[in-house]
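Enquirer: Just so it is clear, I am handing over structure-v1.pdb, which has PDB, C-alpha atoms and all ligand atoms.
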```pdb
MODEL        1
ATOM      1  CA  MET A   1     -26.355   1.860   7.233
ATOM      2  CA  THR A   2     -27.240  -0.936   4.789
ATOM      3  CA  ASN A   3     -26.766  -4.639   5.391
ATOM      4  CA  ASP A   4     -23.548  -4.545   3.360
ATOM      5  CA  ASN A   5     -21.993  -1.966   5.592
ATOM      6  CA  GLN A   6     -20.028  -2.713   8.719
ATOM      7  CA  GLN A   7     -18.635  -0.584  11.481
ATOM      8  CA  LEU A   8     -14.848  -0.356  11.603
ATOM      9  CA  SER A   9     -14.779  -2.069  14.969
ATOM     10  CA  THR A  10     -16.485  -5.214  13.646
ATOM     11  CA  GLU A  11     -14.383  -5.679  10.512
ATOM     12  CA  ALA A  12     -11.353  -7.343  12.117
ATOM     13  CA  GLY A  13     -10.815 -10.887  10.954
ATOM     14  CA  SER A  14     -13.674 -10.704   8.489
ATOM     15  CA  LYS A  15     -11.523 -12.238   5.755
ATOM     16  CA  GLU A  16      -9.557 -15.368   6.604
ATOM     17  CA  CYS A  17      -6.139 -16.011   5.127
ATOM     18  CA  ILE A  18      -6.621 -19.009   2.862
ATOM     19  CA  ASN A  19      -3.686 -20.794   4.432
ATOM     20  CA  SER A  20      -1.414 -19.107   6.952
ATOM     21  CA  ALA A  21       1.992 -20.226   8.149
ATOM     22  CA  SER A  22       2.716 -20.720  11.830
ATOM     23  CA  ASP A  23       4.809 -18.102  13.634
ATOM     24  CA  SER A  24       7.896 -20.288  13.428
ATOM     25  CA  GLU A  25       7.447 -20.744   9.690
ATOM     26  CA  ALA A  26       6.870 -17.024   9.284
ATOM     27  CA  SER A  27      10.115 -16.176  11.016
ATOM     28  CA  THR A  28      12.077 -17.791   8.167
ATOM     29  CA  SER A  29      10.549 -15.507   5.536
ATOM     30  CA  SER A  30      13.181 -12.833   5.424
ATOM     31  CA  ASP A  31      13.995 -12.578   1.716
ATOM     32  CA  SER A  32      11.971 -12.103  -1.435
ATOM     33  CA  GLU A  33      12.101 -15.706  -2.717
ATOM     34  CA  ALA A  34       9.265 -18.160  -2.111
ATOM     35  CA  ASN A  35      10.379 -20.918   0.257
ATOM     36  CA  ILE A  36      10.939 -24.138  -1.748
ATOM     37  CA  ASN A  37      12.247 -27.202   0.082
ATOM     38  CA  PRO A  38      13.153 -29.974  -2.424
ATOM     39  CA  HIS A  39      13.515 -32.560   0.379
ATOM     40  CA  THR A  40       9.929 -32.445   1.560
ATOM     41  CA  PRO A  41       6.841 -33.788  -0.180
ATOM     42  CA  ASP A  42       4.850 -30.842   1.173
ATOM     43  CA  PRO A  43       3.911 -28.923  -1.993
ATOM     44  CA  ARG A  44       2.912 -25.808  -0.072
ATOM     45  CA  LEU A  45       4.987 -22.641  -0.445
ATOM     46  CA  THR A  46       5.214 -19.647   1.900
ATOM     47  CA  CYS A  47       4.883 -16.173   0.425
ATOM     48  CA  PRO A  48       7.691 -14.004   1.842
ATOM     49  CA  LEU A  49       6.141 -10.581   1.306
ATOM     50  CA  CYS A  50       3.869  -9.618   4.174
ATOM     51  CA  HIS A  51       2.638 -10.309   7.708
ATOM     52  CA  HIS A  52      -0.007 -12.769   6.496
ATOM     53  CA  ASN A  53       2.810 -15.229   5.656
ATOM     54  CA  CYS A  54       0.381 -17.175   3.464
ATOM     55  CA  ARG A  55       1.313 -20.840   3.110
ATOM     56  CA  LEU A  56      -0.276 -21.899  -0.132
ATOM     57  CA  ALA A  57      -0.957 -25.297  -1.703
ATOM     58  CA  PRO A  58      -0.751 -25.490  -5.515
ATOM     59  CA  GLU A  59      -3.481 -23.387  -7.131
ATOM     60  CA  GLU A  60      -4.249 -21.618  -3.846
ATOM     61  CA  THR A  61      -4.404 -17.815  -3.696
ATOM     62  CA  GLY A  62      -3.263 -15.724  -0.732
ATOM     63  CA  PHE A  63      -5.096 -13.253   1.467
ATOM     64  CA  CYS A  64      -4.380 -10.399  -0.975
ATOM     65  CA  GLY A  65      -6.335 -12.143  -3.731
ATOM     66  CA  ALA A  66      -3.470 -11.644  -6.181
ATOM     67  CA  ARG A  67      -0.636 -14.077  -5.405
ATOM     68  CA  SER A  68      -0.963 -17.809  -6.089
ATOM     69  CA  ASN A  69       1.129 -20.981  -5.872
ATOM     70  CA  THR A  70       1.680 -22.200  -9.451
ATOM     71  CA  GLY A  71       3.146 -25.479  -8.187
ATOM     72  CA  ARG A  72       6.725 -24.241  -8.439
ATOM     73  CA  GLN A  73       6.568 -20.662  -7.192
ATOM     74  CA  ILE A  74       4.286 -17.987  -5.860
ATOM     75  CA  VAL A  75       3.454 -15.350  -8.456
ATOM     76  CA  ASN A  76       1.085 -12.417  -8.760
ATOM     77  CA  HIS A  77      -1.404 -13.582 -11.369
ATOM     78  CA  TYR A  78      -2.265  -9.943 -12.160
ATOM     79  CA  ALA A  79       1.372  -8.999 -12.930
ATOM     80  CA  GLY A  80       1.349  -6.514 -15.804
ATOM     81  CA  ILE A  81      -2.451  -6.221 -15.829
ATOM     82  CA  LEU A  82      -3.253  -2.580 -15.185
ATOM     83  CA  THR A  83      -6.669  -1.331 -14.105
ATOM     84  CA  GLY A  84      -5.575   2.294 -14.167
ATOM     85  CA  LEU A  85      -2.948   4.246 -16.101
ATOM     86  CA  ALA A  86      -3.024   8.046 -15.939
ATOM     87  CA  LEU A  87      -0.725  11.052 -16.082
ATOM     88  CA  ASP A  88      -1.378  12.693 -12.702
ATOM     89  CA  PRO A  89      -0.015  15.847 -11.049
ATOM     90  CA  ILE A  90       2.644  14.692  -8.560
ATOM     91  CA  GLU A  91       0.754  16.528  -5.796
ATOM     92  CA  LYS A  92      -2.185  14.137  -6.295
ATOM     93  CA  LYS A  93      -0.203  11.107  -5.013
ATOM     94  CA  PRO A  94       0.086  12.999  -2.558
ATOM     95  CA  LEU A  95       3.703  14.171  -2.829
ATOM     96  CA  SER A  96       3.878  17.862  -1.992
ATOM     97  CA  CYS A  97       7.642  18.263  -1.666
ATOM     98  CA  PHE A  98       8.989  16.044  -4.448
ATOM     99  CA  ARG A  99       9.502  17.846  -7.768
ATOM    100  CA  PRO A 100       6.383  20.033  -7.338
ATOM    101  CA  GLY A 101       4.566  21.168 -10.470
ATOM    102  CA  THR A 102       5.443  18.026 -12.450
ATOM    103  CA  TYR A 103       3.410  15.027 -13.596
ATOM    104  CA  ILE A 104       3.887  11.300 -13.084
ATOM    105  CA  LEU A 105       2.525   8.320 -15.013
ATOM    106  CA  SER A 106       0.505   6.402 -12.407
ATOM    107  CA  ALA A 107      -0.409   2.730 -12.666
ATOM    108  CA  GLY A 108      -2.526   0.354 -10.599
ATOM    109  CA  SER A 109      -3.611  -3.272 -10.727
ATOM    110  CA  PHE A 110      -5.751  -5.565  -8.513
ATOM    111  CA  GLY A 111      -5.533  -6.664  -4.867
ATOM    112  CA  CYS A 112      -4.430  -5.557  -1.390
ATOM    113  CA  ASN A 113      -3.121  -7.262   1.750
ATOM    114  CA  LEU A 114      -5.313  -5.080   4.027
ATOM    115  CA  THR A 115      -9.110  -4.967   4.242
ATOM    116  CA  CYS A 116      -9.860  -1.342   5.137
ATOM    117  CA  PRO A 117     -13.669  -1.034   5.122
ATOM    118  CA  PHE A 118     -13.305   2.623   4.072
ATOM    119  CA  CYS A 119     -11.109   1.895   1.018
ATOM    120  CA  GLN A 120     -11.367   4.613  -1.616
ATOM    121  CA  ASN A 121     -10.338   2.174  -4.401
ATOM    122  CA  TYR A 122     -12.197  -0.944  -3.257
ATOM    123  CA  ARG A 123     -13.269  -2.019  -6.746
ATOM    124  CA  ILE A 124      -9.672  -2.878  -7.608
ATOM    125  CA  SER A 125      -8.080  -3.364  -4.180
ATOM    126  CA  GLN A 126     -10.531  -5.847  -2.715
ATOM    127  CA  SER A 127     -10.237  -8.322  -5.586
ATOM    128  CA  ALA A 128     -10.260 -11.167  -3.031
ATOM    129  CA  ASP A 129     -13.846 -10.207  -2.321
ATOM    130  CA  GLN A 130     -15.495 -12.399  -4.950
ATOM    131  CA  GLN A 131     -18.852 -10.724  -4.396
ATOM    132  CA  MET A 132     -17.202  -7.396  -5.181
ATOM    133  CA  ILE A 133     -15.636  -8.727  -8.391
ATOM    134  CA  ALA A 134     -19.023  -9.984  -9.565
ATOM    135  CA  ARG A 135     -20.520  -6.573  -8.892
ATOM    136  CA  THR A 136     -17.893  -4.542 -10.685
ATOM    137  CA  ALA A 137     -16.391  -5.335 -14.052
ATOM    138  CA  VAL A 138     -13.154  -3.359 -14.145
ATOM    139  CA  PRO A 139     -11.514  -2.814 -17.548
ATOM    140  CA  SER A 140      -7.811  -3.654 -17.659
ATOM    141  CA  GLN A 141      -4.907  -3.875 -20.080
ATOM    142  CA  SER A 142      -1.646  -5.836 -20.034
ATOM    143  CA  TYR A 143       1.827  -4.231 -20.195
ATOM    144  CA  SER A 144       5.271  -5.822 -19.939
ATOM    145  CA  PRO A 145       7.759  -3.902 -17.753
ATOM    146  CA  ALA A 146       9.567  -2.695 -20.893
ATOM    147  CA  ASP A 147       6.297  -1.580 -22.533
ATOM    148  CA  LEU A 148       5.271   0.378 -19.437
ATOM    149  CA  VAL A 149       8.629   2.124 -19.176
ATOM    150  CA  GLN A 150       8.360   3.054 -22.854
ATOM    151  CA  VAL A 151       4.923   4.609 -22.243
ATOM    152  CA  ALA A 152       6.444   6.623 -19.383
ATOM    153  CA  LEU A 153       9.298   7.795 -21.619
ATOM    154  CA  ASP A 154       6.840   8.767 -24.362
ATOM    155  CA  GLN A 155       4.951  10.919 -21.838
ATOM    156  CA  ARG A 156       8.012  13.037 -20.965
ATOM    157  CA  THR A 157       6.997  15.587 -23.597
ATOM    158  CA  ARG A 158       3.840  16.171 -21.477
ATOM    159  CA  GLY A 159       5.798  16.826 -18.287
ATOM    160  CA  ASN A 160       6.091  13.248 -17.028
ATOM    161  CA  ILE A 161       9.012  12.624 -14.649
ATOM    162  CA  GLY A 162       8.597   8.897 -14.105
ATOM    163  CA  LEU A 163       6.408   6.051 -13.023
ATOM    164  CA  ALA A 164       4.284   5.622  -9.876
ATOM    165  CA  PHE A 165       2.552   2.449  -8.696
ATOM    166  CA  THR A 166      -0.575   3.388  -6.775
ATOM    167  CA  TYR A 167      -4.399   2.942  -6.664
ATOM    168  CA  ASN A 168      -4.266  -0.648  -5.305
ATOM    169  CA  GLU A 169      -1.466  -1.963  -3.021
ATOM    170  CA  PRO A 170       1.610  -2.131  -5.284
ATOM    171  CA  LEU A 171       3.974  -4.241  -3.167
ATOM    172  CA  ILE A 172       1.914  -7.426  -3.580
ATOM    173  CA  ASN A 173       3.138  -7.124  -7.211
ATOM    174  CA  PHE A 174       6.735  -7.139  -5.977
ATOM    175  CA  GLU A 175       8.512  -8.991  -8.814
ATOM    176  CA  TYR A 176       6.843  -7.012 -11.619
ATOM    177  CA  ILE A 177       7.523  -3.667  -9.947
ATOM    178  CA  LEU A 178      11.133  -4.597  -9.157
ATOM    179  CA  GLU A 179      11.772  -5.360 -12.838
ATOM    180  CA  THR A 180       9.876  -2.275 -14.026
ATOM    181  CA  PHE A 181      11.618   0.074 -11.590
ATOM    182  CA  SER A 182      15.030  -1.355 -12.483
ATOM    183  CA  LEU A 183      14.364  -0.543 -16.164
ATOM    184  CA  ALA A 184      12.871   2.852 -15.280
ATOM    185  CA  ARG A 185      15.886   3.898 -13.207
ATOM    186  CA  SER A 186      18.233   2.846 -16.025
ATOM    187  CA  ALA A 187      16.179   5.113 -18.318
ATOM    188  CA  GLY A 188      16.521   8.057 -15.906
ATOM    189  CA  LEU A 189      12.921   8.042 -14.659
ATOM    190  CA  GLU A 190      11.740   8.735 -11.111
ATOM    191  CA  THR A 191      10.146   5.741  -9.407
ATOM    192  CA  VAL A 192       7.368   6.270  -6.853
ATOM    193  CA  LEU A 193       5.456   3.908  -4.561
ATOM    194  CA  ILE A 194       2.194   4.719  -2.774
ATOM    195  CA  THR A 195       1.870   1.896  -0.268
ATOM    196  CA  ASN A 196       0.331   0.794   3.022
ATOM    197  CA  GLY A 197       3.846  -0.300   4.062
ATOM    198  CA  SER A 198       2.740  -3.509   5.806
ATOM    199  CA  PHE A 199       5.504  -5.704   4.350
ATOM    200  CA  HIS A 200       8.546  -7.586   5.641
ATOM    201  CA  PRO A 201      11.870  -5.669   5.644
ATOM    202  CA  GLY A 202      13.572  -8.062   3.173
ATOM    203  CA  PRO A 203      11.395  -7.230   0.142
ATOM    204  CA  VAL A 204      11.142  -3.587   1.225
ATOM    205  CA  ARG A 205      14.938  -3.266   1.172
ATOM    206  CA  ARG A 206      15.077  -4.838  -2.317
ATOM    207  CA  ILE A 207      12.463  -2.490  -3.798
ATOM    208  CA  ALA A 208      13.978   0.516  -1.977
ATOM    209  CA  GLU A 209      17.124   0.110  -4.093
ATOM    210  CA  PHE A 210      15.086   1.247  -7.110
ATOM    211  CA  THR A 211      12.579   3.666  -5.510
ATOM    212  CA  THR A 212      13.170   7.421  -5.463
ATOM    213  CA  ALA A 213      10.036   8.566  -3.582
ATOM    214  CA  TRP A 214       7.427   7.020  -1.304
ATOM    215  CA  ASN A 215       4.121   8.008   0.206
ATOM    216  CA  ILE A 216       3.272   5.565   3.001
ATOM    217  CA  ASP A 217      -0.108   5.407   4.715
ATOM    218  CA  LEU A 218       0.094   5.532   8.495
ATOM    219  CA  LYS A 219      -3.533   4.715   9.109
ATOM    220  CA  CYS A 220      -3.412   4.972  12.902
ATOM    221  CA  PHE A 221      -0.796   4.455  15.616
ATOM    222  CA  SER A 222      -2.040   1.464  17.577
ATOM    223  CA  ASP A 223      -1.693  -2.305  17.183
ATOM    224  CA  GLU A 224      -5.405  -2.617  17.882
ATOM    225  CA  GLY A 225      -6.271  -0.243  15.015
ATOM    226  CA  TYR A 226      -4.095  -2.153  12.570
ATOM    227  CA  ARG A 227      -5.621  -5.465  13.701
ATOM    228  CA  VAL A 228      -9.011  -4.083  12.635
ATOM    229  CA  LEU A 229      -7.580  -3.521   9.146
ATOM    230  CA  ASN A 230      -5.736  -6.874   9.036
ATOM    231  CA  GLY A 231      -2.412  -5.013   8.921
ATOM    232  CA  SER A 232       0.741  -4.786  11.059
ATOM    233  CA  LEU A 233       1.804  -1.496  12.663
ATOM    234  CA  ASP A 234       5.264  -2.927  13.408
ATOM    235  CA  LEU A 235       5.905  -3.624   9.712
ATOM    236  CA  VAL A 236       4.545  -0.223   8.639
ATOM    237  CA  ARG A 237       6.942   1.444  11.094
ATOM    238  CA  SER A 238       9.827  -0.637   9.786
ATOM    239  CA  THR A 239       8.989   0.287   6.155
ATOM    240  CA  ILE A 240       8.812   3.992   7.069
ATOM    241  CA  GLU A 241      12.259   3.822   8.682
ATOM    242  CA  LEU A 242      13.749   2.026   5.660
ATOM    243  CA  ALA A 243      12.152   4.445   3.169
ATOM    244  CA  ALA A 244      13.258   7.519   5.143
ATOM    245  CA  ALA A 245      16.835   6.252   5.067
ATOM    246  CA  SER A 246      16.945   5.722   1.311
ATOM    247  CA  ALA A 247      14.624   8.114  -0.578
ATOM    248  CA  HIS A 248      12.175  10.992  -0.419
ATOM    249  CA  LEU A 249       9.319  10.065   1.948
ATOM    250  CA  GLU A 250       5.915  11.548   2.729
ATOM    251  CA  ILE A 251       3.280  10.130   5.105
ATOM    252  CA  THR A 252      -0.511  10.204   4.892
ATOM    253  CA  THR A 253      -3.143   9.616   7.586
ATOM    254  CA  LEU A 254      -6.789   9.401   6.538
ATOM    255  CA  VAL A 255      -8.609  10.988   9.483
ATOM    256  CA  ILE A 256     -11.705   8.911  10.247
ATOM    257  CA  PRO A 257     -13.906  10.092  13.117
ATOM    258  CA  GLY A 258     -13.817   7.518  15.902
ATOM    259  CA  PHE A 259     -10.887   5.617  14.414
ATOM    260  CA  SER A 260      -7.917   7.861  13.609
ATOM    261  CA  ASP A 261      -8.883  11.267  14.993
ATOM    262  CA  LYS A 262      -7.604  10.939  18.577
ATOM    263  CA  GLU A 263      -5.431  13.899  19.556
ATOM    264  CA  GLN A 264      -3.168  11.825  21.806
ATOM    265  CA  GLU A 265      -2.566   9.256  19.063
ATOM    266  CA  ILE A 266      -1.731  11.912  16.444
ATOM    267  CA  ALA A 267       0.644  13.518  18.973
ATOM    268  CA  GLU A 268       2.435  10.187  19.567
ATOM    269  CA  MET A 269       2.528   9.392  15.851
ATOM    270  CA  THR A 270       3.994  12.732  14.803
ATOM    271  CA  SER A 271       6.468  12.667  17.698
ATOM    272  CA  TRP A 272       7.736   9.283  16.441
ATOM    273  CA  LEU A 273       7.961  10.630  12.868
ATOM    274  CA  ALA A 274       9.835  13.717  14.082
ATOM    275  CA  ASP A 275      12.407  11.478  15.771
ATOM    276  CA  ILE A 276      13.129  10.042  12.310
ATOM    277  CA  ASP A 277      13.117  13.460  10.594
ATOM    278  CA  PRO A 278      11.054  16.548  11.550
ATOM    279  CA  ASP A 279      11.036  17.587   7.872
ATOM    280  CA  ILE A 280       9.038  14.533   6.713
ATOM    281  CA  PRO A 281       5.994  15.996   4.899
ATOM    282  CA  TYR A 282       2.831  14.790   6.664
ATOM    283  CA  HIS A 283      -0.652  14.756   5.121
ATOM    284  CA  LEU A 284      -3.884  14.693   7.112
ATOM    285  CA  SER A 285      -6.522  13.639   4.624
ATOM    286  CA  ARG A 286     -10.257  14.149   4.965
ATOM    287  CA  TYR A 287     -12.358  10.968   4.989
ATOM    288  CA  PHE A 288     -15.564  10.565   3.007
ATOM    289  CA  PRO A 289     -17.817   7.487   3.416
ATOM    290  CA  ARG A 290     -16.843   4.695   0.997
ATOM    291  CA  TYR A 291     -17.161   0.939   0.420
ATOM    292  CA  ARG A 292     -18.495  -0.782   3.580
ATOM    293  CA  LEU A 293     -18.301   2.315   5.757
ATOM    294  CA  THR A 294     -21.209   4.689   5.221
ATOM    295  CA  GLU A 295     -20.892   6.045   8.765
ATOM    296  CA  PRO A 296     -19.585   8.258  10.249
ATOM    297  CA  ALA A 297     -20.130  11.409   8.188
ATOM    298  CA  PRO A 298     -17.133  13.102   6.485
ATOM    299  CA  THR A 299     -14.407  14.355   8.821
ATOM    300  CA  PRO A 300     -15.349  17.794  10.213
ATOM    301  CA  LEU A 301     -12.958  20.473   8.952
ATOM    302  CA  GLU A 302     -12.454  21.729  12.504
ATOM    303  CA  THR A 303     -11.099  18.261  13.446
ATOM    304  CA  LEU A 304      -8.557  18.416  10.621
ATOM    305  CA  HIS A 305      -7.390  21.891  11.611
ATOM    306  CA  ARG A 306      -7.112  20.863  15.282
ATOM    307  CA  LEU A 307      -5.018  17.793  14.415
ATOM    308  CA  LYS A 308      -2.868  19.882  12.064
ATOM    309  CA  ARG A 309      -1.994  22.214  14.951
ATOM    310  CA  ILE A 310      -1.006  19.187  17.054
ATOM    311  CA  ALA A 311       1.113  17.693  14.253
ATOM    312  CA  GLU A 312       2.847  21.036  13.674
ATOM    313  CA  LYS A 313       4.220  20.958  17.230
ATOM    314  CA  LYS A 314       6.580  18.183  16.026
ATOM    315  CA  LEU A 315       6.690  18.312  12.226
ATOM    316  CA  ASN A 316       7.693  21.226  10.004
ATOM    317  CA  ARG A 317       5.608  20.380   6.933
ATOM    318  CA  VAL A 318       1.958  19.422   7.566
ATOM    319  CA  PHE A 319      -0.705  19.497   4.832
ATOM    320  CA  LEU A 320      -4.457  19.023   4.753
ATOM    321  CA  GLY A 321      -5.843  16.981   1.839
ATOM    322  CA  ASN A 322      -9.200  16.108   0.312
ATOM    323  CA  ILE A 323     -10.824  19.290   1.655
TER
HETATM  324  S1  LIG B   1       1.485 -10.686  -0.279
HETATM  325 FE1  LIG B   1      -0.464 -11.804  -0.478
HETATM  326  S2  LIG B   1       0.084 -13.981  -0.671
HETATM  327 FE2  LIG B   1       1.898 -12.883   0.089
HETATM  328  S3  LIG B   1       1.796 -13.121   2.333
HETATM  329 FE3  LIG B   1       0.818 -11.145   1.820
HETATM  330  S4  LIG B   1      -1.368 -11.614   1.571
HETATM  331 FE4  LIG B   1      -0.269 -13.573   1.519
ENDMDL
END
```
Could I get this structure in the form of structure tokens?
Expert:
Amino acid sequence: MTNDNQQLSTEAGSKECINSASDSEASTSSDSEANINPHTPDPRLTCPLCHHNCRLAPEETGFCGARSNTGRQIVNHYAGILTGLALDPIEKKPLSCFRPGTYILSAGSFGCNLTCPFCQNYRISQSADQQMIARTAVPSQSYSPADLVQVALDQRTRGNIGLAFTYNEPLINFEYILETFSLARSAGLETVLITNGSFHPGPVRRIAEFTTAWNIDLKCFSDEGYRVLNGSLDLVRSTIELAAASAHLEITTLVIPGFSDKEQEIAEMTSWLADIDPDIPYHLSRYFPRYRLTEPAPTPLETLHRLKRIAEKKLNRVFLGNI
């Protein structure tokens, strides 16, 4: 392991929120509008999107490295700037049971509200890591919501069914995606989100109105595990319940030896999912060393097959990925 690399267990809290709200302030963040109080001289605004509840002074940027206080509102300063745009097989998202055999135009930008040390897309997701930005110049291009929907429509002749936001964490780009998905649905396109799900129910409900399919990462099934990643299991569970009630939903767990490969935890996780719907497609994905995690070695195939047998006791559709 090099000096840059850290064990999963030591990563928690490695990145401080630039300015976090107190619990009482956080409890008021239930909708998707930044909190502006005209009667107070305090120029700070609270971002309403996720568990970090960043309270930002003008010009400050939140934990995700993408949303900033302009002085009047909190915006994603990468809105419309895409680092990836590709026509992918729908199964690659992964979505195995949603219009199989088709393609979907897939877009990504910068930033994430979690800090998974094993991130497969760290060059774009960990944009708050200034050292990482300096190391990696990522090409990007700007699209308005209308322009992006037009590209998706133009790709229909090649089998495209819609538009997916993926690669980095899409929901930190809430306003841009809401506008884009609204236009896409009006044009008859499918709208897909690949997300970590660690967001407050208010914005999730808003975006769910325009989302036809989700794949949500369920990275582990313990509060302690999510603390290591700077995420919130409670919010991920809430997002899964909201998505299952409104659209097609699939779930993915990246199986990392020593972190998310415990048989008891997979049994509890899949039992909880089965209580929502035993037909939810569930993906167990093989881990390969990435980013700050060069150990352990890739997930043994026998581990994946063992966990699949456990998951199949509760769920009807279990898939292995990345093998
Ligand atoms: S989305 Fe970004 S700015 Fe908003 S609360 Fe989460 S980490 Fe903070």
Enquirer: Do you know which residues the PyMOL selection byres (((not hetatm)) within 10 of (chain B and resi 1)) returns on this file, as number ranges by chain?
Expert: A: 17-21, 26, 29, 34, 45-56, 60-69, 74-76, 111-114, 169-174, 198-200, 230-231
Enquirer: List the neighbours of region 276-289 of chain A out to 7 Å using only C-alpha atoms; skip same-chain residues closer than 4 positions along the sequence, and give me the result as a list of chain:residue names.
Expert: A:Phe118, A:Leu249, A:Glu250, A:Ile251, A:Thr252, A:Thr253, A:Leu254, A:Val255, A:Ile256, A:Trp272, A:Leu293, A:Thr294, A:Glu295, A:Ala297, A:Pro298, A:Thr299, A:Leu304, A:Lys314, A:Leu315, A:Asn316, A:Arg317, A:Val318, A:Phe319, A:Leu320, A:Gly321, A:Asn322, A:Ile323
Enquirer: Counting only C-alpha atoms, which of A:Ile207, A:Ser260, A:Ala244, A:Val151 gets nearest to Glu224 (chain A)?
Expert: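 Residue with the minimum atom-to-atom distance to Glu224 (chain A): A:Ser260.
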Enquirer: What is the distance between CA of Glu209 (chain A) and CA of Ser140 (chain A), in Å to one decimal?
Expert: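 So the two atoms, CA of Glu209 (chain A) and CA of Ser140 (chain A), lie 28.6 Å apart.
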Enquirer: Rounded to one decimal in Å, what is the spacing between CA of Ile90 (chain A) and CA of Ala311 (chain A)?
Expert: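 Straight-line distance from CA of Ile90 (chain A) to CA of Ala311 (chain A) works out to 23.1 Å.
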Enquirer: Can you tell me which residues surround region 141-144 of chain A at a distance of at most 8 Å, considering only C-alpha atoms, apart from same-chain residues fewer than 6 positions away, and format the answer as a ChimeraX atom specification?
Expert: /A:80-83
Enquirer: Of the candidates A:Thr239, A:Thr157, A:Thr303, A:Ser182, which shows the shortest atom-to-atom distance to Thr102 (chain A), using only C-alpha atoms?
Expert: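 So, comparing all the options, the nearest one is A:Thr157.
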Enquirer: Hey, can you check how far CA of Leu85 (chain A) sits from CA of Gln120 (chain A)?
Expert: 16.8 Å
Enquirer: Pick out the closest residue to Thr211 (chain A) from this set: A:Pro139, A:Pro43, A:Gly258, A:Gly162. Count all atoms listed in the file.
Expert: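 Of A:Pro139, A:Pro43, A:Gly258, A:Gly162, the one nearest Thr211 (chain A) is A:Gly162, counting all atoms listed in the file.
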Enquirer: With the PyMOL selection byres (((chain A and resi 86) around 9) and not hetatm) as the selection, what would be picked from this file? Answer as a PyMOL selection string, please.
Expert: chain A and resi 84-85+87-88+104-107
Enquirer: For the residues in that selection, give me C-alpha atoms as a short mmCIF file (atom, residue, chain, number, x, y, z; two decimals), in the coordinates of the input.
Expert:
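As a result, out.cif now contains:
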```cif
data_model
loop_
_atom_site.label_atom_id
_atom_site.label_comp_id
_atom_site.auth_asym_id
_atom_site.auth_seq_id
_atom_site.Cartn_x
_atom_site.Cartn_y
_atom_site.Cartn_z
CA GLY A 84 -5.58 2.29 -14.17
CA LEU A 85 -2.95 4.25 -16.10
CA LEU A 87 -0.72 11.05 -16.08
CA ASP A 88 -1.38 12.69 -12.70
CA ILE A 104 3.89 11.30 -13.08
CA LEU A 105 2.52 8.32 -15.01
CA SER A 106 0.50 6.40 -12.41
CA ALA A 107 -0.41 2.73 -12.67
#
```
Enquirer: Residues at most 9 Å from Ala243 (chain A), counting all atoms listed in the file, excluding those fewer than 5 positions away in the same chain, as a ChimeraX atom specification?
Expert: /A:204-205,208,211,213-214,216,238,248-249
Enquirer: Which one is closest to Asp234 (chain A): A:Arg290, A:Lys93, A:Gly197, A:Glu265? Count all atoms listed in the file.
Expert: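 The shortest atom-to-atom distance to Asp234 (chain A) comes from A:Gly197.
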Enquirer: Where does the PyMOL selection byres (((chain A and resi 180) around 9) and not hetatm) land in this file, that is, which residues does it pick, as a PDB file with C-alpha atoms, keeping the file's coordinate frame?
Expert:
```pdb
ATOM      1  CA  SER A 144       5.271  -5.822 -19.939  1.00  0.00           C
ATOM      2  CA  PRO A 145       7.759  -3.902 -17.753  1.00  0.00           C
ATOM      3  CA  ALA A 146       9.567  -2.695 -20.893  1.00  0.00           C
ATOM      4  CA  LEU A 148       5.271   0.378 -19.437  1.00  0.00           C
ATOM      5  CA  VAL A 149       8.629   2.124 -19.176  1.00  0.00           C
ATOM      6  CA  GLU A 175       8.512  -8.991  -8.814  1.00  0.00           C
ATOM      7  CA  TYR A 176       6.843  -7.012 -11.619  1.00  0.00           C
ATOM      8  CA  ILE A 177       7.523  -3.667  -9.947  1.00  0.00           C
ATOM      9  CA  LEU A 178      11.133  -4.597  -9.157  1.00  0.00           C
ATOM     10  CA  GLU A 179      11.772  -5.360 -12.838  1.00  0.00           C
ATOM     11  CA  PHE A 181      11.618   0.074 -11.590  1.00  0.00           C
ATOM     12  CA  SER A 182      15.030  -1.355 -12.483  1.00  0.00           C
ATOM     13  CA  LEU A 183      14.364  -0.543 -16.164  1.00  0.00           C
ATOM     14  CA  ALA A 184      12.871   2.852 -15.280  1.00  0.00           C
ATOM     15  CA  ARG A 185      15.886   3.898 -13.207  1.00  0.00           C
TER      16      ARG A 185
END
```
Enquirer: Neighbours of Glu268 (chain A) within 12 Å (only C-alpha atoms; same-chain residues fewer than 5 positions away dropped), as a CSV table (one decimal) with C-alpha atoms, in the coordinates of the input?
Expert:
```
chain,number,residue,atom,x,y,z
A,220,CYS,CA,-3.4,5.0,12.9
A,221,PHE,CA,-0.8,4.5,15.6
A,222,SER,CA,-2.0,1.5,17.6
A,262,LYS,CA,-7.6,10.9,18.6
A,263,GLU,CA,-5.4,13.9,19.6
A,273,LEU,CA,8.0,10.6,12.9
A,274,ALA,CA,9.8,13.7,14.1
A,275,ASP,CA,12.4,11.5,15.8
A,307,LEU,CA,-5.0,17.8,14.4
A,310,ILE,CA,-1.0,19.2,17.1
A,311,ALA,CA,1.1,17.7,14.3
A,313,LYS,CA,4.2,21.0,17.2
A,314,LYS,CA,6.6,18.2,16.0
A,315,LEU,CA,6.7,18.3,12.2
```
Enquirer: Using only C-alpha atoms, which of the listed residues (A:Asp261, A:Arg158, A:Glu241, A:Gly71) sits closest to Gly225 (chain A)?
Expert: A:Asp261
Enquirer: Rank A:Ala187, A:Ala247, A:Val228, A:Cys116 by their smallest atom-to-atom distance to Ile161 (chain A), using only C-alpha atoms, and report the top residue only.
Expert: A:Ala187
